[in-house]
Amino acid sequence: MQVLTPVNEVIASLLDAAVCTDRTERVGISHAMGRIAAEDQVSAVNVPPGDNSAMDGYALNVESGMAIKPGVPLSVSQRIPAGNVGEELAPGTLARIFTGAELPAGANAVIMQEQVDVAGDQVVLQRLPRIGENVRQWGQDICKGQLVIEQGTKLDAPEMGLLASIGLADVSVYKKLKIALLTTGDELVQPGTPLNSGQIYNSNLYLMQGLIHKLNMEVVELDVVADEPDKTEEALRFAAEHSDCIVSSGGVSVGDEDYVKSAVEKLGKLDIWRIKMKPGKPLAFGEVLGTPFFGLPGNPVSTFVTFCILARPYLLKYQGCSTVLPRMYKFPSGFDYQGGSRLEYLRVRLRDDGRGGTEIEKYPQQGSGILTSTSWATALAVIEPESSIEKGQHIGVLLKQDLVGT
Ligand code: AMP
Ligand code: MG
């Protein structure tokens, strides 16, 4: 019997082989969205830099003795809008202050304007605030010297804001990897042209393009490669020269018409894993003239699943990302299911179970040519080999939003 390699072992081998790119660049923070930080970012400032008011109101010193107390008219000695610097608070007085303005020296609390009565140019407190009330303390968000963003973090909207908050205008990120996408097969036709008999449209090219764009990497697009040894070799040479990694679909099984395998072996080296997974049993991984090479199976659902489960963690590590594996969640199954000999990734959706909970719904057709299932699905359910799943039993799911993209 043929020995199949467990999925986890394949992922571990691929991650062992993946090396973080050493190519970095500085980009303005407006252009940092979705990029991976190439350095730790340590703050050179305190955020906020000084104590400031969280409310429109009056700054005061609640420990200044008997003069400051509720029910007594108090004079307002200064007015401090945000962006202005006040003077030291005169004893026994209040400072009119606005949200975001720094507290004047000598003040230690702010009473909100709704809790005072204004009588002419004097103010009467309805209550005495506590020390620190309505004051945002200096450094309460970030202190000078604090690690704010770790190398390997994906810079998303909050991180762009964070970088700006510590005063950085630009940031060092890893250069986007260039991924050459190779599709193979004499049956493939570009969308937009009529089909002749025996032909199908090249869906995988666009599927893989989308997946690469979601990883915020660049696509090096190549023409469809005919099922001929010379054309295959030529395309691989070009791809190796112009990209950081080649991802191909189709042409790596052992049929007479599968030329990718022999061409890669000629130009570099290739391992073919027979993986204990469904869909997507065969995966080729190796290198072409020093450029890493992934040979994904050609059936579109297999292409999708092997990309998300196997190629994505490798590519993310290569891109410098510190988080590369999707988290598994458990939800009750909405169906009975008998697992087969391989680990299975079913296309599923999480739906309302009608009782305030969530359950997993399976797409009716699970064949590896049913690309509609990947669009319909919001998750992949992971079915252990030989397991008998009963409706209501908790099973693992990987969310599509965690599998597609960074
Ligand atoms: P292969 O591995 O080349 O034998 O391909 C396996 C199956 O996937 C065949 O049915 C191919 O027609 C199909 N296939 C391969 N490449 C693509 C592609 N780029 N787009 C759509 N289907 C494909
Ligand atoms: Mg083929």
# chains A, B, ... in the order shown; residues from 1 in each chain; ligands from 1
$ select_by_dssp --residues "segment 158-235 of chain A" --states "strand (DSSP E or B)" --output "ChimeraX atom specification"
/A:170-174,178-184,188-189,200-201,218-221,225
$ residues_around --residues "Phe331 of chain A" --least-positions-apart "4" --cutoff "9 Å" --atoms "only C-alpha atoms" --output "list in words"
Leu350, Thr358, Glu359, Ile360, Gly392, Gln393, His394, Ile395, Gly396 and Val397 of chain A
$ residues_around --residues "Gln115 of chain A" --least-positions-apart "5" --cutoff "10 Å" --atoms "only C-alpha atoms" --output "mmCIF file with N, CA and C atoms, in the first residue's frame"
data_model
loop_
_atom_site.group_PDB
_atom_site.id
_atom_site.type_symbol
_atom_site.label_atom_id
_atom_site.label_comp_id
_atom_site.auth_asym_id
_atom_site.auth_seq_id
_atom_site.Cartn_x
_atom_site.Cartn_y
_atom_site.Cartn_z
ATOM 1 N N GLY A 57 -14.187 70.970 30.402
ATOM 2 C CA GLY A 57 -14.572 71.229 31.797
ATOM 3 C C GLY A 57 -13.629 72.221 32.439
ATOM 4 N N TYR A 58 -13.288 71.926 33.677
ATOM 5 C CA TYR A 58 -12.446 72.850 34.448
ATOM 6 C C TYR A 58 -11.362 72.056 35.165
ATOM 7 N N VAL A 124 -19.381 77.377 40.154
ATOM 8 C CA VAL A 124 -19.634 76.660 41.412
ATOM 9 C C VAL A 124 -19.607 75.153 41.124
ATOM 10 N N LEU A 125 -18.781 74.432 41.842
ATOM 11 C CA LEU A 125 -18.694 72.974 41.649
ATOM 12 C C LEU A 125 -19.913 72.298 42.269
ATOM 13 N N GLN A 126 -20.522 71.342 41.536
ATOM 14 C CA GLN A 126 -21.614 70.549 42.123
ATOM 15 C C GLN A 126 -21.052 69.441 43.011
ATOM 16 N N ARG A 127 -19.835 69.028 42.747
ATOM 17 C CA ARG A 127 -19.180 67.979 43.540
ATOM 18 C C ARG A 127 -17.671 68.148 43.387
ATOM 19 N N LEU A 128 -16.917 67.518 44.258
ATOM 20 C CA LEU A 128 -15.456 67.592 44.149
ATOM 21 C C LEU A 128 -14.966 66.342 43.415
ATOM 22 N N PRO A 129 -14.262 66.500 42.297
ATOM 23 C CA PRO A 129 -13.769 65.292 41.607
ATOM 24 C C PRO A 129 -12.653 64.624 42.405
#
$ residues_near_ligand --ligand "ligand 2" --cutoff "8 Å" --atoms "only C-alpha atoms and all ligand atoms" --output "list in words"
Thr184, Gly185, Asp186, Glu187, Asp227, Gly250, Gly251, Val252, Glu257, Asp258 and Gly298 of chain A
$ residues_near_ligand --ligand "ligand 1" --cutoff "10 Å" --atoms "only C-alpha atoms and all ligand atoms" --output "PyMOL selection string"
chain A and resi 181-190+198-208+224-225+227+248-260+282+295-303+368-369+371
$ closest_residue --among "A:Val123, A:Leu4, A:Ala90, A:Ala32" --to "Ala169 of chain A" --atoms "only C-alpha atoms"
A:Ala32
$ residues_around --residues "Met160 of chain A" --least-positions-apart "3" --cutoff "12 Å" --atoms "only C-alpha atoms" --output "number ranges by chain"
A: 27-37, 41, 148-149, 153-157, 163-171
$ residues_around --residues "segment 401-403 of chain A" --least-positions-apart "5" --cutoff "8 Å" --atoms "only C-alpha atoms" --output "list in words"
Cys308, Ile309, Arg312, Pro326, Arg327, Thr378 and Ala379 of chain A
$ closest_atom_pairs --of "segment 235-332 of chain A" --to "segment 10-26 of chain A" --cutoff "7 Å" --atoms "only C-alpha atoms" --output "CSV"
residue,atom,partner,partner_atom,distance
A:Leu310,CA,A:Ile11,CA,5.9
A:Tyr314,CA,A:Leu15,CA,5.5
A:Lys317,CA,A:Cys20,CA,5.8
A:Tyr318,CA,A:Cys20,CA,4.2
A:Gln319,CA,A:Cys20,CA,5.9
A:Gly320,CA,A:Cys20,CA,5.0
$ write_last_selection --atoms "C-alpha atoms" --output "CSV table (one decimal), in the first residue's frame"
chain,number,residue,atom,x,y,z
A,310,LEU,CA,0.4,24.3,2.3
A,314,TYR,CA,5.5,28.9,3.4
A,317,LYS,CA,7.3,32.9,6.4
A,318,TYR,CA,9.3,33.8,3.2
A,319,GLN,CA,7.6,37.2,3.3
A,320,GLY,CA,8.7,37.7,6.9
$ residues_around --residues "Pro104 of chain A" --least-positions-apart "4" --cutoff "7 Å" --atoms "only C-alpha atoms" --output "number ranges by chain"
A: 86-89
$ closest_residue --among "A:Phe304, A:Glu9, A:Thr406, A:Ala59" --to "Ser322 of chain A" --atoms "only C-alpha atoms"
A:Thr406
$ closest_residue --among "A:Ser53, A:Ser64, A:Ser375, A:Ser388" --to "Leu103 of chain A" --atoms "only C-alpha atoms"
A:Ser53
